[in-house]
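Data first, discussion second: the structure below is written as structure tokens.
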There are 2 protein chains.
Amino acid sequence: MPVKRQKWSEDFGEWFRDVLINAGIMDYRYPIKGSGVWMPYGFKIRRNVLQILRDLLDNTGHDETLFPLLIPETSLAQEAAHGKSFEGECFWVTHGGFERLKVRYALRPTSETVIAPMLKLWIRSHADLPMKLYQVVNVFRHETKATRPIIRMREVSTFKEAHTCHATSKEAEEQVNEAVGLYKRFFDDVGVPYCVSRRPEWDKFAGALYTIAFDMLCPDGRVLQIGTVHNLGQNFAKAFNITYETKDGSQEHIWTTSYGISGRGIAAVLIAHGDDNGIVLPPKIAPIQVAIVPVPYKGKEKEVNKACIDVASKLKDAGYRVELDLRAELTPGNKFYYWELRGVPIRIEIGPRDLANGVVTIVRRDTFKKQTWTMDDVVAAVQTFAEEITNDLKANAETWMRERVYRVNSLAEAKTLLKRKAGIVEVPCCGKDKCGHSLEETVEARLLGFPEDITEKVDGKCVVCGEQAVNVVRVALAY
Amino acid sequence: MPVKRQKWSEDFGEWFRDVLINAGIMDYRYPIKGSGVWMPYGFKIRRNVLQILRDLLDNTGHDETLFPLLIPETSLAQEAAHGKSFEGECFWVTHGGFERLKVRYALRPTSETVIAPMLKLWIRSHADLPMKLYQVVNVFRHETKATRPIIRMREVSTFKEAHTCHATSKEAEEQVNEAVGLYKRFFDDVGVPYCVSRRPEWDKFAGALYTIAFDMLCPDGRVLQIGTVHNLGQNFAKAFNITYETKDGSQEHIWTTSYGISGRGIAAVLIAHGDDNGIVLPPKIAPIQVAIVPVPYKGKEKEVNKACIDVASKLKDAGYRVELDLRAELTPGNKFYYWELRGVPIRIEIGPRDLANGVVTIVRRDTFKKQTWTMDDVVAAVQTFAEEITNDLKANAETWMRERVYRVNSLAEAKTLLKRKAGIVEVPCCGKDKCGHSLEETVEARLLGFPEDITEKVDGKCVVCGEQAVNVVRVALAY
């Protein structure tokens with residue numbers, strides 16, 4: 001049965017807002033604009049998603065830490081480009097109790113300038129390098145654009161940011177590659193397809209040498225930036241005078257990188273796999289992997305419930321996260337709807353007829369395909385279904401996006417595609433800033449940058465100036 | 001060998017500051033007073049301690065959530081007593097970018113007034129109750145007292161706060177009992193001894209009916225409040241007009257409680273078991289449970305290292321968190337010192353002689369007692385040692401505190417004991433506020449309140465007014 005995705009694609013913004021609150025993920029009605037509440041079910045999804053990120057980082061020599069929220073204005077301004085860029089975007093603390101503070105504090109918009117003064121204390125010699133730290137915190141931006149739940153918040157309540165220090169430029173570069181690799185593994189693991197692009201000069205992180213970004217395509221044809229990796233060179237090291245003693249005894253500035261994934265890393269999963277019935281969760285991050293719903297028939301309630309309890313207990317013993325839904329006040333139909341909305345990947349129904357035949361009915365959330373299995377094989381069946389769902393979600397999302405990446409050779413074609421919100425458009429470009437700006441203006445979309453995930457170079461002419469292109473660049477409507 | 005605890009007890013403040021930074025737990029040199037950094041090793045301790053708390057709460061029907069940081073001034077003031085109490089203690093955000101905000105935002109000092117407006121949206125009927133939520137967040141107080149790492153911060157970067165809603169006063173009361181029980185289990189689990197006392201009226205949480213607090217005794221004879229449980233009655237429900245429909249269709253205000261443990265819950269463990277050599281961690285929360293140190297002899301390095309690798313691998317397979325310290329630039333003595341400072345509960349040494357005899361030397365961090373065991377039994381030995389350390393740490397800390405709880409019948413005796421920082425003093429009291437205040441003034445200490453953890457009532461005369469006492473009250477020097 002093909003899954004209807006009309007609402008999902010036709011009014012994606014409304015779909016997302018509704019699903020977040022109706023599925024108990026985020027309530028966005030807090031009395032401060034751009035602030036939301038992670039509700040119990042949403043929090044459990046967040047926990048599972050973050051666990052994947054934490055495992056990836058912990059297993060590659062990153063240490064989790066926790067740095068302060070507040071940044072003295074003087075620190076924020078210390079790296080000039082960084083300070084200038086964030087000054088107008090920060091929330092400012094000016095008073096402690098009834099006292100005016102001597103120096104204002106910014107609520108961190110990101111933590112490079114929080115971490116730098118500590119690195120200066122911690123790093124003495126080459127033996128202290130590399131140093132790879134991360135933290136999961138809230139960050140703040142006084143957004144002037146329209147805010148959207150999870151996607152554009154003033155309090156970004158989930159931000160995983162890593163900060164690394166190295167002895168050489170080459171090692172910093174290698175770290176950027178490791179980070180890109182880690183983020184690929186993360187998004188692959190949750191089945192979210194992405195493009196990796198090197199942002200143009202004017203769109204890089206303030207204070208970076210360059211920025212590599214992950215973008216996903218949303219159902220409305222806009223891209224959402226879901227992860228960024230920055231090579232900061234020696235910019236912050238010089239601004240904060242962070243040096244180390246080399247093996248030959250001289251003092252050198254360190255080289256740093258930073259990379260982050262925000263709550264958008266969670267939103268990405270909800271968006272990539274959703275449909276008109278709600279969200280669809282890959283089993284690995286689903287707080288509930290199997291919902292068991294009895295379909296009782298008068299006089300058979302007791303036996304049916306008992307069979308459900310047995311199946312639940314078998315699956316729990318096998319390590320699955322199971323919810324046994326014995327609520328008396330809801331019909332089976334209500335329960336189906338309830339668990340579909342919440343994206344529980346597998347539903348098991350047991351009715352009197354199933355009972356008589358010694359079988360259960362297993363329903364996939366992604367395709368709604370039903371299958372009966374003998375009760376004895378229920379654990380094996382769930383394992384098979386879980387694997388199929390994981391693979392199919394990923395493959396379908398990947399296909400869906402790849403069908404919406406267009407490679408064309410003229411501005412006119414690019415413009416037409418973007419006008420009808422077709423997806424991501426790749427056009428040959430010479431790489432000059434001037435042509436990039438001109439491209440953005442002509443097609444009225446954002447230049448995502450040169451691909452970092454396509455190895456073969458494109459031999460073509462720049463769609464703006466007609467000179468030899470160095471590669472295609474990507475353009476798309478963007479959030 | 002008796003463990004020396006001179007520095008620990010004679011200059012506890014300095015001991016604590018030094019140990020936090022030297023053991024890599026918290027760096028307190030951040031450029032904002034009262035803000036600290038959880039360093040990698042400290043963060044791992046924090047993770048393990050919080051996991052115990054999370055498990056206790058998750059297993060008793062509490063749902064983890066995440067609420068916003070910022071509170072509109074109007075919300076904070078909505079419950080009068082609460083607003084008045086916190087107004088002068090909050091950090092205030094007044095600007096977003098270059099714009100002045102219409103309503104100032106407080107950085108949460110605690111989250112009752114953050115959660116209340118959401119409860120109003122979420123709670124409709126008795127079927128929504130009870131609701132038991134918690135979150136682990138940072139909270140802020142513009143402390144005017146001297147700040148101290150972890151113990152008194154302006155940014156309290158670790159605050160586990162639970163908030164519950166109930167249909168009746170009785171259920172709220174029962175929840176307070178459950179919370180006290182959970183906190184007892186938590187502190188028992190990490191081997192921290194405590195007193196549980198009901199705070200006097202003037203020292204209860206602002207907005208509460210009453211507050212029950214956990215206090216521990218620090219080596220310098222002062223008590224540290226390490227957990228609090230508040231019955232909020234209908235105060236916040238009425239201030240925010242949070243009602244529910246009862247079974248008979250009428251509208252009633254809900255009853256709420258809140259209870260919290262801050263970073264002090266982690267500090268408590270470090271303080272309770274520390275000694276002059278550093279911290280001592282109970283195995284359950286130790287990031288590294290066993291440190292393995294080769295004691296090589298010229299020409300035997302290879303064999304010794306190999307034996308260490310074998311032992312490490314056996315212990316890892318058995319589920320222990322093991323660090324194999326093969327650093328070439330440090331002597332075994334340096335390594336012993338390094339792991340002792342960091343409180344690793346068990347050290348295994350292997351030298352050429354051990355190797356020849358097929359044994360290992362196992363050293364307990366808490367007593368420094370050494371024992372040799374055959375290499376084949378190393379897993380069983382570590383298990384035995386870990387259990388003994390866990391039990392002994394708890395028992396010794398308990399004995400240490402109990403020896404410093406005094407019950408006396410006169411103000412003069414109480415005053416003398418407190419003057420020499422002897423510990424916690426219990427004196428009979430009639431319970432009148434007037435006598436409580438007078439007691440505090442006379443003995444120059446803090447009234448902790450009537451015990452909640454002593455069931456038998458004391459038959460005596462109030463040390464202040466001489467009337468019939470209702471029970472003893474506790475007084476102590478306090479942080």
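Naming scheme: A, B, ... for chains in displayed order of the structure tokens; residues 1 onward per chain; ligands 1 onward as shown.
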
8 Å contact set for segment 308-318 of chain A, only C-alpha atoms, chain neighbours under 2 positions out, as a VMD selection string: chain A and resid 292 to 294 304 to 306 320 to 324 350 375 378 to 379

Can you pull out the residues contacting segment 167-182 of chain A? Cut-off 6 Å, using only C-alpha atoms, and skip same-chain residues under 2 positions away; I want them as a PyMOL selection string. chain A and resi 184-185+254

Next, write the just-selected residues to a file, as a PDB file, in the first residue's frame, keeping N, CA and C atoms as the atom set.
```pdb
ATOM      1  N   LYS A 184      28.591  11.767   8.731  1.00  0.00           N
ATOM      2  CA  LYS A 184      28.009  10.870   7.724  1.00  0.00           C
ATOM      3  C   LYS A 184      27.494   9.605   8.389  1.00  0.00           C
ATOM      4  N   ARG A 185      28.324   9.034   9.266  1.00  0.00           N
ATOM      5  CA  ARG A 185      27.902   7.804   9.944  1.00  0.00           C
ATOM      6  C   ARG A 185      26.657   8.037  10.787  1.00  0.00           C
ATOM      7  N   ILE A 254      48.195  27.095  18.456  1.00  0.00           N
ATOM      8  CA  ILE A 254      47.516  25.843  18.103  1.00  0.00           C
ATOM      9  C   ILE A 254      46.590  26.069  16.904  1.00  0.00           C
TER      10      ILE A 254
END
```

Contacts of segment 90-102 of chain B within 8 Å, only C-alpha atoms, excl. fewer than 4 positions in-chain, as a list in words: Glu87, Gly88, Glu89, Cys90, Phe91, Trp92, Val93, Thr94, His95, Gly96, Gly97 and His142 of chain A; Phe86, Ala106, Leu107, Arg108, Pro109, Phe140, Arg141 and His142 of chain B

Those residues with N, CA and C atoms, as a PDB file, in the first residue's frame please?
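The result, stored in selection05.pdb:
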```pdb
ATOM      1  N   GLU A  87      27.527  39.788  17.841  1.00  0.00           N
ATOM      2  CA  GLU A  87      27.100  40.867  18.729  1.00  0.00           C
ATOM      3  C   GLU A  87      25.593  41.164  18.635  1.00  0.00           C
ATOM      4  N   GLY A  88      25.110  41.237  17.405  1.00  0.00           N
ATOM      5  CA  GLY A  88      23.713  41.614  17.196  1.00  0.00           C
ATOM      6  C   GLY A  88      22.746  40.444  17.286  1.00  0.00           C
ATOM      7  N   GLU A  89      23.274  39.242  17.568  1.00  0.00           N
ATOM      8  CA  GLU A  89      22.421  38.053  17.614  1.00  0.00           C
ATOM      9  C   GLU A  89      22.286  37.471  19.005  1.00  0.00           C
ATOM     10  N   CYS A  90      23.005  38.054  19.967  1.00  0.00           N
ATOM     11  CA  CYS A  90      23.023  37.461  21.314  1.00  0.00           C
ATOM     12  C   CYS A  90      21.945  38.051  22.206  1.00  0.00           C
ATOM     13  N   PHE A  91      21.517  37.236  23.151  1.00  0.00           N
ATOM     14  CA  PHE A  91      20.779  37.748  24.303  1.00  0.00           C
ATOM     15  C   PHE A  91      21.819  38.210  25.326  1.00  0.00           C
ATOM     16  N   TRP A  92      21.520  39.346  25.956  1.00  0.00           N
ATOM     17  CA  TRP A  92      22.500  39.952  26.880  1.00  0.00           C
ATOM     18  C   TRP A  92      21.973  40.022  28.304  1.00  0.00           C
ATOM     19  N   VAL A  93      22.781  39.523  29.228  1.00  0.00           N
ATOM     20  CA  VAL A  93      22.494  39.653  30.660  1.00  0.00           C
ATOM     21  C   VAL A  93      23.183  40.916  31.139  1.00  0.00           C
ATOM     22  N   THR A  94      22.395  41.813  31.734  1.00  0.00           N
ATOM     23  CA  THR A  94      22.977  43.093  32.172  1.00  0.00           C
ATOM     24  C   THR A  94      22.912  43.284  33.684  1.00  0.00           C
ATOM     25  N   HIS A  95      22.057  42.482  34.349  1.00  0.00           N
ATOM     26  CA  HIS A  95      21.887  42.680  35.790  1.00  0.00           C
ATOM     27  C   HIS A  95      21.970  41.358  36.547  1.00  0.00           C
ATOM     28  N   GLY A  96      22.588  41.425  37.724  1.00  0.00           N
ATOM     29  CA  GLY A  96      22.573  40.314  38.674  1.00  0.00           C
ATOM     30  C   GLY A  96      21.829  40.798  39.897  1.00  0.00           C
ATOM     31  N   GLY A  97      20.637  40.243  40.136  1.00  0.00           N
ATOM     32  CA  GLY A  97      19.799  40.778  41.221  1.00  0.00           C
ATOM     33  C   GLY A  97      19.464  42.225  40.904  1.00  0.00           C
ATOM     34  N   HIS A 142      19.195  35.530  19.117  1.00  0.00           N
ATOM     35  CA  HIS A 142      18.039  36.410  19.044  1.00  0.00           C
ATOM     36  C   HIS A 142      17.609  36.492  17.581  1.00  0.00           C
TER      37      HIS A 142
ATOM     38  N   PHE B  86      12.940  35.533  44.865  1.00  0.00           N
ATOM     39  CA  PHE B  86      13.957  35.311  43.837  1.00  0.00           C
ATOM     40  C   PHE B  86      14.344  36.561  43.039  1.00  0.00           C
ATOM     41  N   ALA B 106      14.338  36.357  33.371  1.00  0.00           N
ATOM     42  CA  ALA B 106      15.256  35.839  34.390  1.00  0.00           C
ATOM     43  C   ALA B 106      15.888  34.554  33.869  1.00  0.00           C
ATOM     44  N   LEU B 107      17.157  34.319  34.178  1.00  0.00           N
ATOM     45  CA  LEU B 107      17.735  32.986  33.989  1.00  0.00           C
ATOM     46  C   LEU B 107      17.184  32.139  35.139  1.00  0.00           C
ATOM     47  N   ARG B 108      16.577  30.991  34.824  1.00  0.00           N
ATOM     48  CA  ARG B 108      15.874  30.226  35.872  1.00  0.00           C
ATOM     49  C   ARG B 108      16.751  30.011  37.102  1.00  0.00           C
ATOM     50  N   PRO B 109      16.211  30.357  38.289  1.00  0.00           N
ATOM     51  CA  PRO B 109      16.891  29.995  39.526  1.00  0.00           C
ATOM     52  C   PRO B 109      16.381  28.620  39.993  1.00  0.00           C
ATOM     53  N   PHE B 140      20.628  29.388  37.827  1.00  0.00           N
ATOM     54  CA  PHE B 140      21.486  30.545  38.103  1.00  0.00           C
ATOM     55  C   PHE B 140      21.030  31.284  39.351  1.00  0.00           C
ATOM     56  N   ARG B 141      21.988  31.656  40.183  1.00  0.00           N
ATOM     57  CA  ARG B 141      21.709  32.523  41.330  1.00  0.00           C
ATOM     58  C   ARG B 141      22.805  33.577  41.395  1.00  0.00           C
ATOM     59  N   HIS B 142      22.375  34.822  41.515  1.00  0.00           N
ATOM     60  CA  HIS B 142      23.375  35.863  41.675  1.00  0.00           C
ATOM     61  C   HIS B 142      23.802  35.897  43.138  1.00  0.00           C
TER      62      HIS B 142
END
```

Could you please write out, as a count of residues only, every residue of segment 41-188 of chain A that DSSP assigns to strand (DSSP E)? 42

Which residues, written as a PyMOL selection string, have at least one atom at most 6 Å from segment 14-29 of chain A, with only C-alpha atoms counted and residues fewer than 5 positions away on the same chain left out? chain A and resi 8+36-39+41-42+278+341-342

Top pick for closest residue to chain B, considering A:Val363, A:Ala386, A:Leu217, A:Val156 and counting only C-alpha atoms: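 Checking each of A:Val363, A:Ala386, A:Leu217, A:Val156 against chain B, counting only C-alpha atoms, the winner is A:Val156.
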
Give the alpha helix (DSSP H) residues of segment 376-421 of chain B, as assigned by DSSP on the backbone, as a VMD selection string. chain B and resid 378 to 402 411 to 419

Serialized selection, C-alpha atoms, as an mmCIF file, in the first residue's frame:
```
data_model
loop_
_atom_site.group_PDB
_atom_site.id
_atom_site.type_symbol
_atom_site.label_atom_id
_atom_site.label_comp_id
_atom_site.auth_asym_id
_atom_site.auth_seq_id
_atom_site.Cartn_x
_atom_site.Cartn_y
_atom_site.Cartn_z
ATOM 1 C CA VAL B 378 42.026 -11.764 39.294
ATOM 2 C CA VAL B 379 38.392 -11.245 38.267
ATOM 3 C CA ALA B 380 37.051 -12.799 41.454
ATOM 4 C CA ALA B 381 39.548 -10.776 43.480
ATOM 5 C CA VAL B 382 38.485 -7.505 41.892
ATOM 6 C CA GLN B 383 34.859 -8.338 42.524
ATOM 7 C CA THR B 384 35.558 -9.024 46.185
ATOM 8 C CA PHE B 385 37.624 -5.872 46.555
ATOM 9 C CA ALA B 386 34.990 -3.752 44.834
ATOM 10 C CA GLU B 387 32.285 -5.006 47.167
ATOM 11 C CA GLU B 388 34.432 -4.492 50.249
ATOM 12 C CA ILE B 389 35.378 -0.977 49.199
ATOM 13 C CA THR B 390 31.751 -0.064 48.521
ATOM 14 C CA ASN B 391 30.639 -1.354 51.899
ATOM 15 C CA ASP B 392 33.572 0.029 53.858
ATOM 16 C CA LEU B 393 33.345 3.509 52.329
ATOM 17 C CA LYS B 394 29.691 3.708 53.266
ATOM 18 C CA ALA B 395 30.164 2.246 56.754
ATOM 19 C CA ASN B 396 33.175 4.421 57.577
ATOM 20 C CA ALA B 397 31.510 7.599 56.358
ATOM 21 C CA GLU B 398 28.419 6.712 58.353
ATOM 22 C CA THR B 399 30.445 6.029 61.504
ATOM 23 C CA TRP B 400 32.409 9.225 61.019
ATOM 24 C CA MET B 401 29.210 11.271 60.848
ATOM 25 C CA ARG B 402 27.317 9.494 63.619
ATOM 26 C CA LEU B 411 22.119 25.768 75.237
ATOM 27 C CA ALA B 412 25.540 26.064 76.841
ATOM 28 C CA GLU B 413 26.591 22.567 75.816
ATOM 29 C CA ALA B 414 25.254 23.131 72.305
ATOM 30 C CA LYS B 415 27.122 26.403 72.020
ATOM 31 C CA THR B 416 30.395 24.850 73.178
ATOM 32 C CA LEU B 417 30.123 21.997 70.701
ATOM 33 C CA LEU B 418 29.342 24.319 67.810
ATOM 34 C CA LYS B 419 32.078 26.717 68.770
#
```

Env of Val223 of chain B: 7 Å cut, atoms = only C-alpha atoms, seq-sep filter 3 positions within chain, self excluded. Answer as a PyMOL selection string. chain B and resi 215-218+476-479

Export N, CA and C atoms of the chosen residues as a PDB file, in the first residue's frame?
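Just written: part24.pdb:
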```
ATOM      1  N   ASP B 215      20.958  16.941  54.754  1.00  0.00           N
ATOM      2  CA  ASP B 215      22.222  17.607  55.051  1.00  0.00           C
ATOM      3  C   ASP B 215      23.297  16.562  55.276  1.00  0.00           C
ATOM      4  N   MET B 216      24.502  16.869  54.806  1.00  0.00           N
ATOM      5  CA  MET B 216      25.642  16.013  55.144  1.00  0.00           C
ATOM      6  C   MET B 216      26.605  16.828  55.990  1.00  0.00           C
ATOM      7  N   LEU B 217      27.474  16.144  56.713  1.00  0.00           N
ATOM      8  CA  LEU B 217      28.475  16.834  57.517  1.00  0.00           C
ATOM      9  C   LEU B 217      29.798  16.842  56.759  1.00  0.00           C
ATOM     10  N   CYS B 218      30.384  18.026  56.606  1.00  0.00           N
ATOM     11  CA  CYS B 218      31.678  18.129  55.927  1.00  0.00           C
ATOM     12  C   CYS B 218      32.796  17.998  56.957  1.00  0.00           C
ATOM     13  N   ALA B 476      23.470  23.347  63.407  1.00  0.00           N
ATOM     14  CA  ALA B 476      24.828  23.121  62.919  1.00  0.00           C
ATOM     15  C   ALA B 476      25.349  24.363  62.221  1.00  0.00           C
ATOM     16  N   LEU B 477      26.654  24.474  62.139  1.00  0.00           N
ATOM     17  CA  LEU B 477      27.258  25.472  61.256  1.00  0.00           C
ATOM     18  C   LEU B 477      26.975  25.014  59.837  1.00  0.00           C
ATOM     19  N   ALA B 478      26.659  25.955  58.974  1.00  0.00           N
ATOM     20  CA  ALA B 478      26.196  25.528  57.650  1.00  0.00           C
ATOM     21  C   ALA B 478      26.900  26.279  56.527  1.00  0.00           C
ATOM     22  N   TYR B 479      27.026  25.616  55.401  1.00  0.00           N
ATOM     23  CA  TYR B 479      27.498  26.284  54.192  1.00  0.00           C
ATOM     24  C   TYR B 479      26.359  27.061  53.577  1.00  0.00           C
TER      25      TYR B 479
END
```

Write out as a list of chain:residue names which residues come within 9 Å of Arg152 of chain A when counting only C-alpha atoms, dropping same-chain ones fewer than 3 positions away.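 Final neighbour list, sorted by chain and number: A:Gly34, A:Glu143, A:Lys145, A:Ala146, A:Thr147, A:Arg148, A:Pro149, A:Glu155, A:Val156, A:Arg264, A:Tyr479.
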
Between atom CA of Asn357 of chain A and atom CA of Tyr338 of chain A, measure the distance and give it in Å to one decimal.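 Calculated distance between atom CA of Asn357 of chain A and atom CA of Tyr338 of chain A is 27.1 Å.
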
List as a list in words the protein and nucleic acid residues near His126 of chain B, meaning an atom at most 7 Å away when only C-alpha atoms are counted, but skip any in the same chain fewer than 3 places from it. Leu129, Ala167, Tyr244, Glu245, Thr246 and Lys247 of chain B
